[in-house]
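Student: What follows is entry-v4.txt, made up of compact mmCIF, C-alpha atoms:
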```
# COMPACT_ATOMS: atom_id res chain seq x y z
CA MET A 1 172.27 143.28 117.25
CA GLY A 2 169.72 145.27 115.27
CA ASP A 3 170.11 147.79 112.47
CA LYS A 4 173.63 149.21 112.30
CA GLY A 5 172.38 152.52 110.91
CA ILE A 6 170.06 153.05 113.89
CA TRP A 7 172.88 152.12 116.29
CA THR A 8 175.18 154.64 114.58
CA VAL A 9 172.62 157.45 114.80
CA PHE A 10 171.87 156.58 118.43
CA LEU A 11 175.53 156.62 119.49
CA PHE A 12 176.26 159.85 117.59
CA LEU A 13 173.30 161.59 119.26
CA CYS A 14 174.52 160.38 122.66
CA LEU A 15 178.02 161.70 121.91
CA ILE A 16 176.64 165.09 120.84
CA SER A 17 174.52 165.10 123.99
CA VAL A 18 177.55 164.56 126.24
CA ILE A 19 179.52 167.36 124.58
CA GLU A 20 176.73 169.92 124.35
CA VAL A 21 175.14 169.28 127.74
CA PHE A 22 178.59 169.59 129.34
CA SER A 23 178.96 172.95 127.62
CA ALA A 24 175.39 174.15 128.22
CA SER A 25 175.23 173.29 131.93
CA SER A 26 177.17 176.33 133.13
CA THR A 27 174.15 177.67 135.05
CA LEU A 28 173.80 174.34 136.88
CA THR A 29 177.51 174.33 137.61
CA TYR A 30 177.30 177.82 139.07
CA LYS A 31 174.27 177.02 141.25
CA SER A 32 175.64 173.72 142.54
CA GLN A 33 179.21 175.05 142.90
CA ASN A 34 180.35 171.71 141.51
CA TYR A 35 182.00 171.64 138.08
CA MET A 36 181.40 167.95 137.34
CA SER A 37 178.18 167.15 139.19
CA PRO A 38 175.71 168.03 136.38
CA MET A 39 177.84 166.17 133.85
CA ILE A 40 178.22 163.07 136.02
CA TYR A 41 174.45 162.94 136.44
CA HIS A 42 173.85 163.25 132.70
CA VAL A 43 176.48 160.69 131.71
CA GLY A 44 175.06 158.34 134.34
CA THR A 45 171.56 158.79 132.88
CA LEU A 46 172.85 158.08 129.36
CA PHE A 47 174.70 155.01 130.64
CA VAL A 48 171.48 153.68 132.18
CA GLY A 49 169.70 154.52 128.93
CA VAL A 50 172.21 152.53 126.86
CA ILE A 51 171.76 149.55 129.19
CA VAL A 52 167.98 149.85 128.80
CA THR A 53 168.46 149.93 125.02
CA VAL A 54 170.60 146.78 125.05
CA ILE A 55 168.06 144.97 127.25
CA THR A 56 165.09 146.09 125.13
CA VAL A 57 166.78 144.92 121.91
CA ARG A 58 166.73 141.36 123.27
CA ILE A 59 162.98 141.40 123.95
CA PRO A 60 161.01 139.73 121.10
CA CYS A 61 158.47 142.03 119.43
CA ARG A 62 155.49 139.84 120.40
CA TYR A 63 156.04 140.74 124.07
CA PHE A 64 155.52 144.43 123.29
CA LYS A 65 151.99 143.54 122.22
CA LEU A 66 151.37 141.56 125.41
CA ILE A 67 152.34 144.42 127.75
CA THR A 68 150.04 146.97 126.07
CA PRO A 69 147.06 146.52 128.48
CA LEU A 70 149.35 146.80 131.50
CA MET A 71 151.04 149.92 130.08
CA LEU A 72 147.64 151.51 129.45
CA LEU A 73 146.66 150.95 133.08
CA ILE A 74 149.97 152.27 134.45
CA SER A 75 150.00 155.29 132.14
CA PHE A 76 146.43 156.33 132.94
CA ALA A 77 146.92 155.89 136.69
CA THR A 78 150.18 157.89 136.75
CA LEU A 79 148.77 160.66 134.52
CA LEU A 80 145.76 160.99 136.81
CA TRP A 81 148.06 161.01 139.82
CA VAL A 82 150.33 163.73 138.41
CA TRP A 83 147.33 165.88 137.47
CA LEU A 84 145.82 165.66 140.94
CA TRP A 85 148.88 165.50 143.20
CA GLY A 86 151.98 165.90 141.04
CA GLU A 87 154.83 168.34 141.60
CA SER A 88 154.32 171.70 139.87
CA ILE A 89 157.39 172.60 137.81
CA ASN A 90 157.43 176.08 136.29
CA GLY A 91 153.65 176.29 136.69
CA ALA A 92 152.69 172.85 135.34
CA ASN A 93 152.08 169.50 137.06
CA ARG A 94 154.29 167.15 135.04
CA VAL A 95 156.29 164.92 137.39
CA ILE A 96 155.69 162.52 140.25
CA GLN A 97 158.11 162.86 143.13
CA LEU A 98 159.18 159.54 144.63
CA PRO A 99 161.91 158.82 147.18
CA GLY A 100 165.22 159.39 145.41
CA PHE A 101 163.91 160.20 141.93
CA THR A 102 161.13 161.70 139.82
CA PHE A 103 159.59 160.69 136.54
CA GLN A 104 157.25 162.12 133.89
CA PRO A 105 154.27 159.86 133.18
CA SER A 106 153.70 161.58 129.82
CA GLU A 107 156.95 160.07 128.50
CA ILE A 108 155.67 156.57 129.15
CA ALA A 109 152.19 157.45 127.88
CA LYS A 110 153.60 158.49 124.49
CA GLY A 111 154.99 155.03 123.81
CA THR A 112 151.91 153.38 125.28
CA LEU A 113 149.60 155.18 122.84
CA VAL A 114 151.88 154.27 119.93
CA LEU A 115 151.71 150.63 121.03
CA THR A 116 147.93 150.81 121.34
CA THR A 117 147.45 152.47 117.96
CA ALA A 118 149.76 149.96 116.23
CA GLN A 119 147.92 147.05 117.81
CA ILE A 120 144.44 148.32 116.88
CA LEU A 121 145.46 149.14 113.31
CA SER A 122 147.13 145.78 112.79
CA ALA A 123 144.13 143.90 114.22
CA MET A 124 141.62 145.89 112.14
CA GLN A 125 143.22 145.38 108.72
CA ARG A 126 140.72 143.95 106.21
CA GLU A 127 141.36 140.47 104.88
CA ASN A 128 141.24 141.66 101.26
CA GLY A 129 144.17 144.01 101.88
CA SER A 130 142.21 147.19 101.17
CA GLY A 131 143.19 148.92 104.40
CA ALA A 132 141.87 149.27 107.93
CA ASP A 133 138.29 148.64 108.96
CA GLU A 134 136.07 151.70 109.45
CA LYS A 135 135.85 150.99 113.19
CA ALA A 136 139.63 151.32 113.65
CA MET A 137 139.57 155.10 114.05
CA LYS A 138 136.72 154.87 116.58
CA TYR A 139 138.67 152.41 118.74
CA ILE A 140 141.89 154.42 118.49
CA LEU A 141 140.29 157.73 119.44
CA THR A 142 138.32 156.11 122.27
CA ALA A 143 141.54 154.72 123.71
CA ALA A 144 143.65 157.84 123.14
CA LEU A 145 141.37 160.77 124.05
CA PRO A 146 141.36 160.25 127.87
CA PHE A 147 145.17 160.22 127.84
CA LEU A 148 145.40 163.24 125.53
CA LEU A 149 143.05 165.23 127.78
CA LEU A 150 145.02 164.43 130.93
CA ILE A 151 148.30 165.31 129.23
CA GLY A 152 146.95 168.36 127.41
CA VAL A 153 145.71 170.12 130.54
CA GLU A 154 149.30 170.47 131.77
CA ASN A 155 151.34 169.97 128.60
CA LEU A 156 149.47 170.93 125.43
CA SER A 157 152.50 170.56 123.14
CA THR A 158 153.03 166.92 124.18
CA ALA A 159 149.34 166.12 123.62
CA ALA A 160 149.53 167.74 120.17
CA LEU A 161 152.71 165.77 119.41
CA ILE A 162 151.07 162.46 120.31
CA PHE A 163 147.98 163.29 118.26
CA MET A 164 150.12 164.11 115.21
CA VAL A 165 151.90 160.77 115.52
CA ILE A 166 148.61 158.87 115.88
CA PHE A 167 147.16 160.72 112.88
CA VAL A 168 150.12 159.80 110.64
CA MET A 169 150.01 156.21 111.92
CA MET A 170 146.34 156.00 110.91
CA PHE A 171 147.28 157.32 107.47
CA ILE A 172 150.05 154.71 107.16
CA GLY A 173 147.63 152.06 108.44
CA ARG A 174 145.25 153.01 105.60
CA VAL A 175 142.30 154.21 107.62
CA PRO A 176 139.58 155.22 105.09
CA MET A 177 140.36 158.66 103.64
CA GLN A 178 136.78 159.82 104.15
CA GLN A 179 137.19 159.32 107.89
CA MET A 180 140.60 161.02 107.84
CA GLY A 181 139.02 164.02 106.10
CA LYS A 182 136.29 164.28 108.73
CA LEU A 183 138.91 164.05 111.47
CA MET A 184 140.88 166.86 109.83
CA GLY A 185 137.76 169.02 109.73
CA GLY A 186 137.03 168.29 113.38
CA LEU A 187 140.65 169.04 114.24
CA VAL A 188 140.52 172.45 112.54
CA LEU A 189 137.34 173.25 114.50
CA LEU A 190 138.95 172.07 117.74
CA ILE A 191 142.05 174.21 117.14
CA GLY A 192 139.80 177.23 116.60
CA ILE A 193 137.93 176.57 119.85
CA VAL A 194 141.14 176.01 121.82
CA LEU A 195 142.71 179.22 120.44
CA THR A 196 139.59 181.20 121.32
CA LEU A 197 139.50 179.78 124.85
CA THR A 198 143.24 180.32 125.24
CA LEU A 199 143.11 183.97 124.24
CA THR A 200 139.94 184.65 126.28
CA LEU A 201 140.49 182.64 129.44
CA GLY A 202 144.23 183.26 129.31
CA SER A 203 143.61 186.99 129.49
CA ILE A 204 141.25 186.53 132.46
CA GLU A 205 143.73 184.25 134.22
CA ASP A 206 146.56 186.69 133.54
CA ASP A 207 144.63 189.53 135.16
CA SER A 208 143.76 187.28 138.11
CA GLU A 209 147.39 186.35 138.66
CA LYS A 210 148.43 189.98 138.68
CA SER A 211 145.91 190.76 141.42
CA GLN A 212 146.83 187.82 143.64
CA THR A 213 150.15 187.11 145.28
CA SER A 214 149.19 184.01 147.22
CA GLU A 215 151.41 181.64 145.22
CA GLN A 216 154.81 180.80 146.70
CA THR A 217 157.73 179.33 144.80
CA THR A 218 160.72 177.32 145.92
CA GLU A 219 163.64 175.80 144.07
CA GLN A 220 164.18 172.06 144.07
CA ILE A 221 166.37 169.64 142.20
CA ILE A 222 164.27 167.63 139.70
CA ASP A 223 165.99 165.13 137.41
CA GLY A 224 169.34 166.58 138.42
CA GLN A 225 168.55 170.21 137.56
CA PRO A 226 167.19 173.15 139.59
CA VAL A 227 163.60 174.06 138.74
CA THR A 228 160.99 176.37 140.17
CA VAL A 229 158.43 174.39 142.17
CA SER A 230 155.16 176.15 142.89
CA GLU A 231 153.31 175.72 146.16
CA ALA A 232 149.84 177.13 145.56
CA GLU A 233 147.58 178.24 148.35
CA PRO A 234 144.52 176.01 149.04
CA GLU A 235 142.05 178.55 147.68
CA ASP A 236 143.56 178.20 144.19
CA ASP A 237 143.03 174.45 143.99
CA GLY A 238 139.52 174.43 142.51
CA LEU A 239 138.61 172.35 139.46
CA PHE A 240 138.46 175.43 137.23
CA LYS A 241 141.97 176.37 138.30
CA LYS A 242 143.28 172.86 137.66
CA ILE A 243 141.85 172.73 134.15
CA PHE A 244 142.49 176.25 132.91
CA HIS A 245 145.52 177.45 134.86
CA ARG A 246 147.87 176.95 131.87
CA PHE A 247 145.82 179.09 129.50
CA SER A 248 147.58 182.28 130.59
CA THR A 249 150.98 180.80 129.73
CA TRP A 250 149.75 179.52 126.35
CA ARG A 251 148.20 182.88 125.55
CA ASN A 252 151.38 184.80 126.37
CA ARG A 253 153.48 182.48 124.22
CA ILE A 254 151.10 182.73 121.25
CA VAL A 255 150.79 186.52 121.51
CA SER A 256 154.54 186.92 121.86
CA HIS A 257 155.27 184.69 118.88
CA SER A 258 152.61 186.25 116.65
CA ASP A 259 153.82 189.80 117.31
CA THR A 260 155.52 190.63 114.00
CA LYS A 261 155.93 194.38 114.49
CA ASP A 262 159.35 195.71 113.54
CA VAL A 263 161.07 197.03 116.65
CA PRO A 264 164.36 198.95 116.57
CA PRO A 265 167.16 197.07 118.37
CA GLU A 266 167.49 199.77 121.03
CA LYS A 267 163.77 199.46 121.89
CA TYR A 268 163.55 195.66 121.90
CA ASN A 269 162.56 194.41 125.36
CA VAL A 270 164.91 191.47 125.98
CA GLN A 271 163.46 190.79 129.43
CA GLU A 272 159.95 190.15 128.06
CA ASN A 273 161.27 187.70 125.43
CA PHE A 274 164.26 186.47 127.38
CA GLN A 275 164.62 182.91 126.10
CA VAL A 276 163.74 183.67 122.49
CA ALA A 277 165.99 186.73 122.39
CA HIS A 278 169.08 184.92 123.68
CA ALA A 279 168.39 181.93 121.43
CA ASN A 280 168.39 184.37 118.51
CA PHE A 281 171.63 185.90 119.78
CA ALA A 282 173.21 182.44 119.85
CA ILE A 283 172.13 181.63 116.29
CA ALA A 284 173.02 185.06 114.87
CA SER A 285 176.57 184.85 116.25
CA SER A 286 177.27 181.29 115.08
CA GLY A 287 178.47 181.52 111.48
CA ILE A 288 179.22 178.53 109.26
CA LEU A 289 181.54 176.65 111.62
CA GLY A 290 180.42 178.10 114.95
CA LYS A 291 182.50 179.13 117.94
CA GLY A 292 183.64 175.61 118.77
CA PRO A 293 182.47 173.19 121.50
CA GLY A 294 182.57 174.79 124.93
CA ASN A 295 182.76 178.36 123.64
CA SER A 296 179.09 179.32 123.85
CA VAL A 297 178.27 182.71 125.33
CA GLU A 298 174.48 182.47 125.47
CA ARG A 299 174.53 179.31 127.61
CA ASP A 300 175.11 181.62 130.59
CA TYR A 301 171.86 183.49 129.85
CA LEU A 302 169.45 180.85 128.55
CA PRO A 303 167.77 179.23 131.60
CA GLN A 304 167.06 176.01 129.66
CA ALA A 305 170.20 175.96 127.49
CA PHE A 306 170.80 172.29 128.34
CA SER A 307 167.21 171.24 127.57
CA ASP A 308 164.57 173.15 125.60
CA PHE A 309 167.05 175.43 123.79
CA ILE A 310 170.01 173.12 123.38
CA PHE A 311 169.68 173.27 119.58
CA ALA A 312 170.44 177.01 119.73
CA ILE A 313 173.62 176.20 121.66
CA ILE A 314 174.50 173.50 119.11
CA ILE A 315 174.19 176.09 116.33
CA GLU A 316 176.24 178.63 118.27
CA GLU A 317 179.07 176.18 118.93
CA MET A 318 178.97 173.95 115.85
CA GLY A 319 177.64 176.42 113.31
CA ILE A 320 175.27 175.83 110.42
CA ILE A 321 177.22 172.71 109.42
CA GLY A 322 176.80 171.19 112.89
CA ALA A 323 173.08 172.05 112.90
CA PHE A 324 172.57 170.33 109.54
CA ALA A 325 174.53 167.32 110.81
CA VAL A 326 172.13 166.93 113.76
CA VAL A 327 169.10 167.33 111.47
CA PHE A 328 170.61 164.73 109.12
CA LEU A 329 170.92 162.22 111.97
CA TYR A 330 167.18 162.41 112.67
CA ILE A 331 166.43 162.09 108.94
CA ILE A 332 168.57 158.94 108.82
CA LEU A 333 166.71 157.60 111.86
CA LEU A 334 163.36 158.08 110.09
CA PHE A 335 164.44 156.58 106.76
CA ARG A 336 166.24 153.61 108.31
CA THR A 337 163.14 152.90 110.38
CA ALA A 338 160.97 153.08 107.26
CA ARG A 339 163.27 150.51 105.66
CA ILE A 340 162.91 148.26 108.71
CA ALA A 341 159.12 148.61 108.53
CA SER A 342 159.13 147.61 104.86
CA ARG A 343 160.93 144.36 105.74
CA CYS A 344 158.44 143.35 108.43
CA GLU A 345 156.09 140.49 107.56
CA ASN A 346 153.35 141.61 109.97
CA ASN A 347 151.57 144.95 110.34
CA PHE A 348 152.06 145.40 114.09
CA PRO A 349 155.89 145.65 114.20
CA ALA A 350 155.93 147.82 111.06
CA LEU A 351 153.39 150.27 112.50
CA LEU A 352 155.08 150.20 115.90
CA VAL A 353 158.55 151.18 114.68
CA MET A 354 157.15 153.87 112.38
CA GLY A 355 155.13 155.33 115.25
CA LEU A 356 158.14 155.41 117.58
CA ALA A 357 160.41 156.95 114.92
CA LEU A 358 157.79 159.56 114.01
CA MET A 359 157.41 160.48 117.66
CA LEU A 360 161.16 161.03 118.12
CA VAL A 361 161.56 162.92 114.85
CA PHE A 362 158.44 165.10 115.27
CA GLN A 363 159.60 166.05 118.77
CA ALA A 364 163.04 166.92 117.40
CA VAL A 365 161.46 169.08 114.68
CA ILE A 366 159.34 170.94 117.26
CA ASN A 367 162.39 171.58 119.47
CA MET A 368 164.40 172.87 116.51
CA MET A 369 161.57 175.09 115.26
CA VAL A 370 161.21 176.66 118.71
CA ALA A 371 164.96 177.25 118.94
CA VAL A 372 165.09 179.08 115.60
CA GLY A 373 161.90 181.07 116.27
CA LEU A 374 159.49 179.29 113.91
CA MET A 375 157.14 178.18 116.73
CA PRO A 376 156.06 179.51 120.12
CA VAL A 377 158.01 178.18 123.09
CA THR A 378 156.69 174.70 123.95
CA GLY A 379 159.12 173.07 126.38
CA GLN A 380 159.84 170.01 124.22
CA PRO A 381 163.41 168.69 124.73
CA LEU A 382 165.57 167.46 121.85
CA PRO A 383 165.27 163.63 121.99
CA LEU A 384 168.46 161.81 123.07
CA VAL A 385 170.38 165.11 123.17
CA SER A 386 168.80 167.36 125.82
CA LYS A 387 169.58 166.82 129.47
CA GLY A 388 166.87 164.80 131.17
CA GLY A 389 166.04 161.89 133.40
CA THR A 390 162.86 160.05 132.49
CA SER A 391 162.79 161.34 128.91
CA THR A 392 166.34 160.19 128.15
CA ILE A 393 165.87 156.67 129.53
CA VAL A 394 162.42 156.20 127.96
CA ASN A 395 163.64 157.43 124.56
CA CYS A 396 166.50 154.94 124.80
CA ALA A 397 163.90 152.22 125.41
CA TYR A 398 162.04 153.34 122.29
CA ILE A 399 165.25 153.07 120.26
CA GLY A 400 165.68 149.59 121.74
CA MET A 401 162.19 148.63 120.56
CA ILE A 402 163.00 149.78 117.02
CA LEU A 403 166.24 147.79 117.11
CA SER A 404 164.41 144.74 118.44
CA VAL A 405 162.01 144.79 115.49
CA SER A 406 164.92 145.29 113.07
CA HIS A 407 166.74 142.31 114.60
CA THR A 408 163.67 140.10 114.27
CA ALA A 409 163.02 141.22 110.68
CA ARG A 410 166.65 140.63 109.73
CA LYS A 411 166.63 137.21 111.38
CA LYS A 412 163.52 136.13 109.46
CA GLU A 413 165.00 137.50 106.24
CA LEU A 414 168.14 135.40 106.72
CA GLN A 415 166.04 132.33 107.51
CA LYS A 416 164.08 132.81 104.28
CA LYS A 417 167.30 133.14 102.28
CA ALA A 418 168.69 130.01 103.92
CA GLN A 419 165.50 128.09 103.14
CA ALA A 420 165.54 129.33 99.54
CA THR A 421 169.20 128.34 99.17
CA LYS A 422 168.48 124.90 100.65
CA ALA A 423 165.52 124.41 98.30
CA THR A 424 167.68 125.41 95.32
CA ILE A 425 170.41 122.96 96.30
CA GLU A 426 167.88 120.14 96.75
CA LEU A 427 166.37 120.92 93.35
CA GLU A 428 169.78 120.83 91.71
CA ASN A 429 170.58 117.49 93.38
CA ASN A 430 167.28 116.06 92.13
CA ASP A 431 168.11 117.21 88.60
CA ASP A 432 171.51 115.49 88.83
CA ASP A 433 169.84 112.23 89.92
CA ILE A 434 167.54 112.34 86.89
```
Do you think you could lay out the structure here as structure tokens?
Tutor:
Amino acid sequence: MGDKGIWTVFLFLCLISVIEVFSASSTLTYKSQNYMSPMIYHVGTLFVGVIVTVITVRIPCRYFKLITPLMLLISFATLLWVWLWGESINGANRVIQLPGFTFQPSEIAKGTLVLTTAQILSAMQRENGSGADEKAMKYILTAALPFLLLIGVENLSTAALIFMVIFVMMFIGRVPMQQMGKLMGGLVLLIGIVLTLTLTLGSIEDDSEKSQTSEQTTEQIIDGQPVTVSEAEPEDDGLFKKIFHRFSTWRNRIVSHSDTKDVPPEKYNVQENFQVAHANFAIASSGILGKGPGNSVERDYLPQAFSDFIFAIIIEEMGIIGAFAVVFLYIILLFRTARIASRCENNFPALLVMGLALMLVFQAVINMMVAVGLMPVTGQPLPLVSKGGTSTIVNCAYIGMILSVSHTARKKELQKKAQATKATIELENNDDDI
């Protein structure tokens, strides 16, 4: 049921995920003293994700439109909750801890904003077919900005990812180019302001953190993996701290990435650039064919080898050929989805599947660029490949939504062919009677 090409890509990515996460989870195996526990958790998550995909495929596309208001309410409430009272993982409030499990509201919010944008663009198309109404951008930005602000305070890369997807969706939805140009100008100005604030306030925050030692850290298991959970002292919980506490991290990542000075190997400080350095080691030692699945060396050094830097491990074990194969799978996903969109009769399903595909592919591109050193470290996992809980299951649901639209489009296409064939037969019979 659904597009066979999308199913093939989905299953191949799941297979690669099982192999590479099993190989890259050596640090989790060592900490848990259980060889199979991390793998059982991941395979179980993928199994649940496949079930979610199969269920979602069977949901007619029109129901996705009906649930948009409810999803907006849930997403905003959970994002506000995680910002105010969420668990702090590695210095950022990103998850809500519930009895027995945790989840990231930003993963649900991504799909919700794609749904909202697709619905507004489809509803605001002009009757003469000349594109979207001028008010479409206003409605989209009004709906999206509160979510982007709540997400961006704790996870700037995810907010930027969502904005990029919305921007491209507006371009596909033929929002007037004059408005798109103004938005681009405003975006450039905003980036300049954010960079200035990041470098300025980040430096102040960095100095403040060095002079204070009130923050305590503990290790907990979140989504089946050990993470550092911060327990800040009450005096650090002011509004200023909540809004700007990530600026120091962003500044350090930008400064580290933009430092292009040539340093002799013997003077390179691996400890200051730990993740990037070992990701580079993994890529440099890979070769054309790689070391083979399970033979990675850098997985024992990279703290997020099974998540943020799994593409570096894929290159190390599967070589340049394996890396290109993974990239090719995401390219197929995008082009097959574009073909599905072109077969849709209505604007909403076409815009929806393109938005979901762009979100998955853009996130994959960001993860890959970080792994090979073309972007500062962002913390974006590789969709459907990296180890995860909420992200894996939600991404499977997004694949299910794409497949649902493809199934509906294919069904209508077959109905049209059947009706055309029936009309041709009736016409031929009438000619015989004459």
Student: Kindly indicate which residue among A:Leu149, A:Ala305, A:Val82, A:Leu13 lies nearest to Val326 of chain A, using only C-alpha atoms for the distances.
Tutor: A:Leu13
Student: I need the residue nearest Ser130 of chain A from this list: A:Ile6, A:Ile108, A:Ala350, A:Met177. Use all atoms listed in the file for the distance.
Tutor: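 Between A:Ile6, A:Ile108, A:Ala350, A:Met177, the residue approaching Ser130 of chain A most closely is A:Met177.
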Student: Closest to Met164 of chain A among A:Leu113, A:Met39, A:Leu197, A:Ala371, using all atoms listed in the file?
Tutor: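 Of A:Leu113, A:Met39, A:Leu197, A:Ala371, the one nearest Met164 of chain A, counting all atoms listed in the file, is A:Leu113.
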Student: Quick one, how far is atom CA of Met170 of chain A from atom CA of Arg126 of chain A?
Tutor: 14.1 Å
Student: Looking at only C-alpha atoms, which of A:Gly294, A:Gly355, A:Gly400, A:Gly131 is the one that sits closest to Val57 of chain A?
Tutor: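 For Val57 of chain A, the nearest of the candidates is A:Gly400.
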Student: Between A:Thr112, A:Thr392, A:Ser75, A:Gln304, single out the one closest to Phe47 of chain A, counting only C-alpha atoms.
Tutor: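 Of all the options, A:Thr392 lies closest to Phe47 of chain A.
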Student: Suppose you want the space between atom CA of Leu352 of chain A and atom CA of Ala118 of chain A; what is it in Å?
Tutor: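 Separation of atom CA of Leu352 of chain A and atom CA of Ala118 of chain A: 5.3 Å.
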Student: Can you pull out every residue within 10 Å of Trp85 of chain A, counting all atoms listed in the file, but drop anything in the same chain fewer than 4 positions away, and send it as a ChimeraX atom specification?
Tutor: /A:79-81,93-97
Student: Let's have the selection written as a tab-separated table (two decimals), keeping the file's coordinate frame, with C-alpha atoms.
Tutor:
```tsv
chain	number	residue	atom	x	y	z
A	79	LEU	CA	148.77	160.66	134.52
A	80	LEU	CA	145.76	160.99	136.81
A	81	TRP	CA	148.06	161.01	139.82
A	93	ASN	CA	152.08	169.50	137.06
A	94	ARG	CA	154.29	167.15	135.04
A	95	VAL	CA	156.29	164.92	137.39
A	96	ILE	CA	155.69	162.52	140.25
A	97	GLN	CA	158.11	162.86	143.13
```
Student: With distances taken over all atoms listed in the file, which residue among A:Val9, A:Val297, A:Met71, A:Ile366 lies nearest Gly379 of chain A?
Tutor: A:Ile366
Student: For atom CA of Thr378 of chain A and atom CA of Ile74 of chain A, determine how far apart the two atoms are, in Å to one decimal place.
Tutor: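 A separation of 25.7 Å between them.
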